[in-house]
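Undergrad: Sending over coords15.txt (compact mmCIF, C-alpha atoms).
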# COMPACT_ATOMS: atom_id res chain seq x y z
CA MET J 1 22.01 -1.04 -1.78
CA ALA J 2 24.37 -2.07 0.96
CA THR J 3 24.58 -5.75 1.77
CA SER J 4 22.89 -5.33 5.16
CA ASP J 5 19.98 -3.46 3.49
CA LYS J 6 19.67 -6.22 0.89
CA ASN J 7 19.64 -8.89 3.59
CA ALA J 8 16.97 -6.99 5.51
CA ALA J 9 14.87 -6.57 2.33
CA VAL J 10 15.17 -10.29 1.50
CA ALA J 11 14.19 -11.21 5.07
CA GLU J 12 11.17 -8.90 4.92
CA ILE J 13 9.98 -10.24 1.54
CA THR J 14 10.54 -13.82 2.72
CA GLU J 15 8.45 -13.16 5.83
CA LYS J 16 5.66 -11.58 3.76
CA LEU J 17 5.63 -14.56 1.38
CA ARG J 18 5.45 -17.02 4.28
CA ASP J 19 2.73 -15.05 6.10
CA SER J 20 0.60 -14.60 2.99
CA ASN J 21 -1.78 -17.24 1.71
CA ALA J 22 -1.41 -15.77 -1.78
CA ALA J 23 0.91 -13.44 -3.69
CA VAL J 24 0.15 -11.89 -7.08
CA VAL J 25 3.02 -10.59 -9.23
CA THR J 26 2.24 -7.63 -11.49
CA SER J 27 3.94 -5.23 -13.83
CA TYR J 28 3.16 -1.62 -13.01
CA THR J 29 5.06 0.27 -15.75
CA GLY J 30 3.08 3.31 -16.82
CA LEU J 31 1.07 3.73 -13.63
CA THR J 32 1.29 7.05 -11.83
CA VAL J 33 1.93 7.38 -8.11
CA ALA J 34 -1.72 8.39 -7.67
CA GLN J 35 -2.88 5.26 -9.51
CA LEU J 36 -0.64 3.05 -7.35
CA LYS J 37 -2.10 4.72 -4.26
CA GLU J 38 -5.63 4.04 -5.58
CA LEU J 39 -4.69 0.41 -6.27
CA ARG J 40 -3.39 -0.04 -2.74
CA ARG J 41 -6.64 1.39 -1.34
CA SER J 42 -8.77 -0.83 -3.60
CA LEU J 43 -7.05 -3.98 -2.32
CA GLY J 44 -8.17 -3.20 1.23
CA GLU J 45 -6.70 -4.30 4.52
CA ASN J 46 -6.15 -7.94 3.58
CA ALA J 47 -3.53 -7.26 0.90
CA GLN J 48 -0.37 -5.20 0.72
CA TYR J 49 0.94 -4.03 -2.66
CA ARG J 50 4.68 -3.44 -2.81
CA VAL J 51 7.16 -2.61 -5.55
CA VAL J 52 10.02 -5.11 -5.25
CA LYS J 53 13.43 -5.78 -6.75
CA ASN J 54 13.45 -8.93 -8.88
CA THR J 55 16.78 -10.33 -7.69
CA LEU J 56 15.91 -9.87 -4.01
CA THR J 57 12.43 -11.33 -4.55
CA LYS J 58 13.91 -14.38 -6.32
CA ILE J 59 16.13 -15.03 -3.30
CA ALA J 60 13.23 -14.48 -0.88
CA ALA J 61 10.92 -16.76 -2.87
CA LYS J 62 13.54 -19.49 -2.87
CA GLU J 63 13.96 -19.15 0.91
CA ALA J 64 10.17 -19.28 1.34
CA GLY J 65 9.95 -22.38 -0.87
CA ILE J 66 7.91 -20.66 -3.57
CA GLN J 67 8.51 -20.66 -7.32
CA LEU J 68 8.12 -17.15 -8.80
CA ASP J 69 11.20 -16.81 -11.05
CA GLU J 70 9.31 -16.89 -14.36
CA HIS J 71 7.21 -13.87 -13.32
CA LEU J 72 10.09 -11.74 -12.03
CA LYS J 73 11.10 -9.87 -15.17
CA GLY J 74 10.80 -6.15 -15.83
CA SER J 75 9.20 -3.78 -13.36
CA THR J 76 7.60 -5.87 -10.65
CA ALA J 77 5.25 -5.30 -7.77
CA VAL J 78 3.71 -7.98 -5.57
CA ALA J 79 0.34 -8.02 -3.82
CA PHE J 80 0.85 -9.99 -0.61
CA VAL J 81 -2.61 -11.33 0.33
CA THR J 82 -3.32 -12.30 3.92
CA GLY J 83 -7.12 -12.40 3.61
CA ASP J 84 -9.45 -13.79 0.97
CA PRO J 85 -7.42 -14.32 -2.23
CA VAL J 86 -10.55 -14.07 -4.38
CA THR J 87 -11.26 -10.54 -3.15
CA ALA J 88 -7.68 -9.42 -3.86
CA ALA J 89 -7.71 -11.08 -7.31
CA LYS J 90 -10.99 -9.28 -8.12
CA GLY J 91 -9.51 -5.97 -6.99
CA LEU J 92 -6.45 -6.43 -9.20
CA ARG J 93 -8.51 -7.62 -12.18
CA ASP J 94 -10.96 -4.73 -11.91
CA PHE J 95 -8.15 -2.19 -11.53
CA ALA J 96 -6.34 -3.68 -14.55
CA LYS J 97 -9.53 -3.30 -16.63
CA GLU J 98 -9.64 0.42 -15.83
CA ASN J 99 -5.86 0.85 -16.04
CA PRO J 100 -4.35 -1.36 -18.78
CA ALA J 101 -0.84 -0.42 -17.63
CA LEU J 102 -1.27 -2.88 -14.74
CA VAL J 103 -0.46 -6.36 -16.03
CA ILE J 104 -0.99 -9.46 -13.90
CA LYS J 105 1.98 -11.76 -14.52
CA GLY J 106 1.15 -14.67 -12.22
CA GLY J 107 1.49 -15.60 -8.61
CA VAL J 108 1.15 -18.23 -5.97
CA LEU J 109 -1.79 -19.48 -3.90
CA GLU J 110 -1.02 -21.50 -0.77
CA GLY J 111 2.30 -22.63 -2.23
CA LYS J 112 0.96 -23.53 -5.70
CA ALA J 113 2.16 -21.48 -8.66
CA LEU J 114 -0.55 -19.75 -10.68
CA SER J 115 -0.47 -18.30 -14.18
CA ALA J 116 -2.08 -14.98 -15.04
CA ASP J 117 -5.08 -16.82 -16.53
CA GLU J 118 -5.54 -18.86 -13.35
CA ILE J 119 -5.54 -15.67 -11.29
CA LYS J 120 -8.21 -14.22 -13.57
CA LYS J 121 -10.27 -17.40 -13.08
CA LEU J 122 -9.78 -17.03 -9.33
CA ALA J 123 -11.13 -13.48 -9.62
CA ASP J 124 -14.25 -14.84 -11.34
CA LEU J 125 -15.10 -16.97 -8.30
CA GLU J 126 -17.55 -15.71 -5.72
CA SER J 127 -16.17 -14.63 -2.37
CA ARG J 128 -15.61 -17.13 0.42
CA GLU J 129 -18.60 -15.83 2.38
CA VAL J 130 -20.96 -16.23 -0.60
CA LEU J 131 -19.70 -19.76 -1.30
CA LEU J 132 -20.13 -20.73 2.37
CA ALA J 133 -23.66 -19.28 2.39
CA LYS J 134 -24.56 -21.27 -0.73
CA LEU J 135 -23.11 -24.42 0.82
CA ALA J 136 -25.08 -23.88 4.03
CA GLY J 137 -28.27 -23.26 2.04
CA GLY J 138 -27.70 -26.40 0.01
CA MET J 139 -27.08 -28.45 3.13
CA LYS J 140 -30.21 -27.05 4.80
CA ALA J 141 -32.30 -27.90 1.72
CA SER J 142 -30.81 -31.41 1.60
CA THR J 143 -31.64 -32.12 5.24
CA ALA J 144 -35.19 -30.82 4.78
CA LYS J 145 -35.58 -33.06 1.73
CA ALA J 146 -34.21 -36.05 3.63
CA ALA J 147 -36.55 -35.42 6.55
CA ALA J 148 -39.54 -35.24 4.18
CA THR J 149 -38.43 -38.45 2.48
CA PHE J 150 -38.10 -40.31 5.77
CA GLN J 151 -41.39 -38.95 7.03
CA ALA J 152 -43.38 -39.79 3.84
CA PRO J 153 -43.90 -43.54 4.56
CA LEU J 154 -45.07 -42.76 8.11
CA THR J 155 -47.47 -40.11 6.84
CA LYS J 156 -48.82 -42.47 4.17
CA PHE J 157 -49.28 -45.22 6.75
CA ALA J 158 -51.09 -42.83 9.10
CA ARG J 159 -53.46 -41.71 6.31
CA THR J 160 -54.17 -45.33 5.31
CA ALA J 161 -54.81 -46.35 8.92
CA ASP J 162 -57.11 -43.34 9.39
CA ALA J 163 -59.05 -44.25 6.21
CA LEU J 164 -59.46 -47.86 7.39
CA ARG J 165 -60.60 -46.68 10.82
CA SER J 166 -63.19 -44.38 9.22
CA LYS J 167 -64.44 -47.21 7.04
CA VAL J 168 -64.76 -49.56 10.00
CA GLU J 169 -66.63 -46.88 12.01
CA GLN J 170 -69.09 -46.45 9.13
CA GLY J 171 -69.89 -50.11 9.36
CA GLY J 172 -67.81 -51.21 6.47
CA ALA J 173 -69.94 -49.37 3.89
CA GLY J 174 -69.15 -50.58 0.43
CA THR J 175 -68.16 -54.12 1.50
CA PRO J 176 -70.75 -56.85 1.11
CA ALA J 177 -72.22 -58.12 4.35
CA PRO J 178 -71.92 -61.87 4.94
CA ALA J 179 -75.74 -62.37 4.58
CA GLU J 180 -75.81 -60.56 1.27
CA ALA J 181 -73.02 -62.66 -0.08
CA ALA J 182 -74.98 -65.88 0.67
CA GLU J 183 -78.08 -64.85 -1.39
Would you mind writing the file out in structure tokens?
TA:
Amino acid sequence: MATSDKNAAVAEITEKLRDSNAAVVTSYTGLTVAQLKELRRSLGENAQYRVVKNTLTKIAAKEAGIQLDEHLKGSTAVAFVTGDPVTAAKGLRDFAKENPALVIKGGVLEGKALSADEIKKLADLESREVLLAKLAGGMKASTAKAAATFQAPLTKFARTADALRSKVEQGGAGTPAPAEAAE
């Protein structure tokens, strides 16, 4: 590669690393072109899978302030994730199960380095939308519980007052009259 091409490639990789909220480094040795095409499709619109040169990616990662050197050995491709990192991690994990030639080496999530095991744990999480829905449901249940708790003493007081009113209207049945108490 000519120096100007290398500089352009480094600038492009640096920009992708900065614009992505996650990047997953993989080894793709043994995958066919058709399998790579299938992998790219399975990642969807929120991730871009690119084969990269290790030396250029090391320079780009350093410029972006990201530590990836330990993962940049052998044939390397990077999934640049701009959307939900959990969805991309699931896509890579599921593809790797079907195609053992794809090996997840590690990556970075919002500037923090991740090992291959941490990426697999990330893939085991539920999607952002599901987690937000569960949180909203939990908050709704908590507020309903709190409202019932605050309302309980008022309800109990109202029932007690109603019972006393009924008793008074019945003429105090069950309580000894003052004349009866004197005998």
Undergrad: Let me make sure I understand: among J:Val24, J:Ala8, J:Ile13, J:Ala47, which one has the smallest atom-to-atom distance to J:Ile119 if we use only C-alpha atoms?
TA: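 Smallest separation from J:Ile119 among the options: J:Val24.
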Undergrad: Quote the spacing between atom CA of J:Gly111 and atom CA of J:Glu45 in Å to one decimal place.
TA: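 Pair atom CA of J:Gly111 / atom CA of J:Glu45 returns 21.5 Å.
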Undergrad: Applying 12 Å and only C-alpha atoms, which residues near stretch 58-62 of chain J remain after dropping the ones on its own chain fewer than 3 positions away? List them as a ChimeraX atom specification.
TA: /J:6-18,23,25,52-55,65-73,76,78,107-108,111,113
Undergrad: Restricting the calculation to all atoms listed in the file, which member of J:Asp162, J:Glu110, J:Asp5, J:Glu169 is positioned closest to J:Ala64?
TA: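 Between J:Asp162, J:Glu110, J:Asp5, J:Glu169, the residue approaching J:Ala64 most closely is J:Glu110.
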Undergrad: Provide the atom CA of J:Ala136 to atom CA of J:Ala148 distance in Å, to one decimal place.
TA: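 Calculated distance between atom CA of J:Ala136 and atom CA of J:Ala148 is 18.4 Å.
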Undergrad: Out of J:Tyr49, J:Asp19, J:Ala161, J:Thr26, which residue has the shortest atom-to-atom distance to J:Ser115 when counting all atoms listed in the file?
TA: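 Going through J:Tyr49, J:Asp19, J:Ala161, J:Thr26 one by one, the smallest distance to J:Ser115 is for J:Thr26.
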Undergrad: With distances taken over only C-alpha atoms, which residue among J:Leu56, J:Thr32, J:Met139, J:Lys145 lies nearest J:Thr3?
TA: J:Leu56
Undergrad: Find, counting all atoms listed in the file, the residue in J:Thr29, J:Thr143, J:Ser20, J:Ser4 that gets nearest to J:Asp84.
TA: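 Smallest separation from J:Asp84 among the options: J:Ser20.
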Undergrad: Which one of J:Lys90, J:Thr82, J:Ala22, J:Lys140 sits closest to J:Lys121 if you count all atoms listed in the file?
TA: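 Using all atoms listed in the file, J:Lys121 sits closest to J:Lys90.
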Undergrad: One number please: atom CA of J:Lys105 to atom CA of J:Glu38, in Å, one decimal.
TA: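 Between atom CA of J:Lys105 and atom CA of J:Glu38 the gap is 19.7 Å.
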Undergrad: If I put a ball of radius 9 Å at (-7.3, -3.0, -6.3) in the file's coordinates, which residues poke into it when counting all atoms listed in the file, written as a ChimeraX atom specification?
TA: /J:38-44,88-96
Undergrad: Output C-alpha atoms of each residue in that selection to a file, as a compact mmCIF listing (two decimals), keeping the file's coordinate frame.
TA:
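Result file follows (selection_5.txt):
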# COMPACT_ATOMS: atom_id res chain seq x y z
CA GLU J 38 -5.63 4.04 -5.58
CA LEU J 39 -4.69 0.41 -6.27
CA ARG J 40 -3.39 -0.04 -2.74
CA ARG J 41 -6.64 1.39 -1.34
CA SER J 42 -8.77 -0.83 -3.60
CA LEU J 43 -7.05 -3.98 -2.32
CA GLY J 44 -8.17 -3.20 1.23
CA ALA J 88 -7.68 -9.42 -3.86
CA ALA J 89 -7.71 -11.08 -7.31
CA LYS J 90 -10.99 -9.28 -8.12
CA GLY J 91 -9.51 -5.97 -6.99
CA LEU J 92 -6.45 -6.43 -9.20
CA ARG J 93 -8.51 -7.62 -12.18
CA ASP J 94 -10.96 -4.73 -11.91
CA PHE J 95 -8.15 -2.19 -11.53
CA ALA J 96 -6.34 -3.68 -14.55
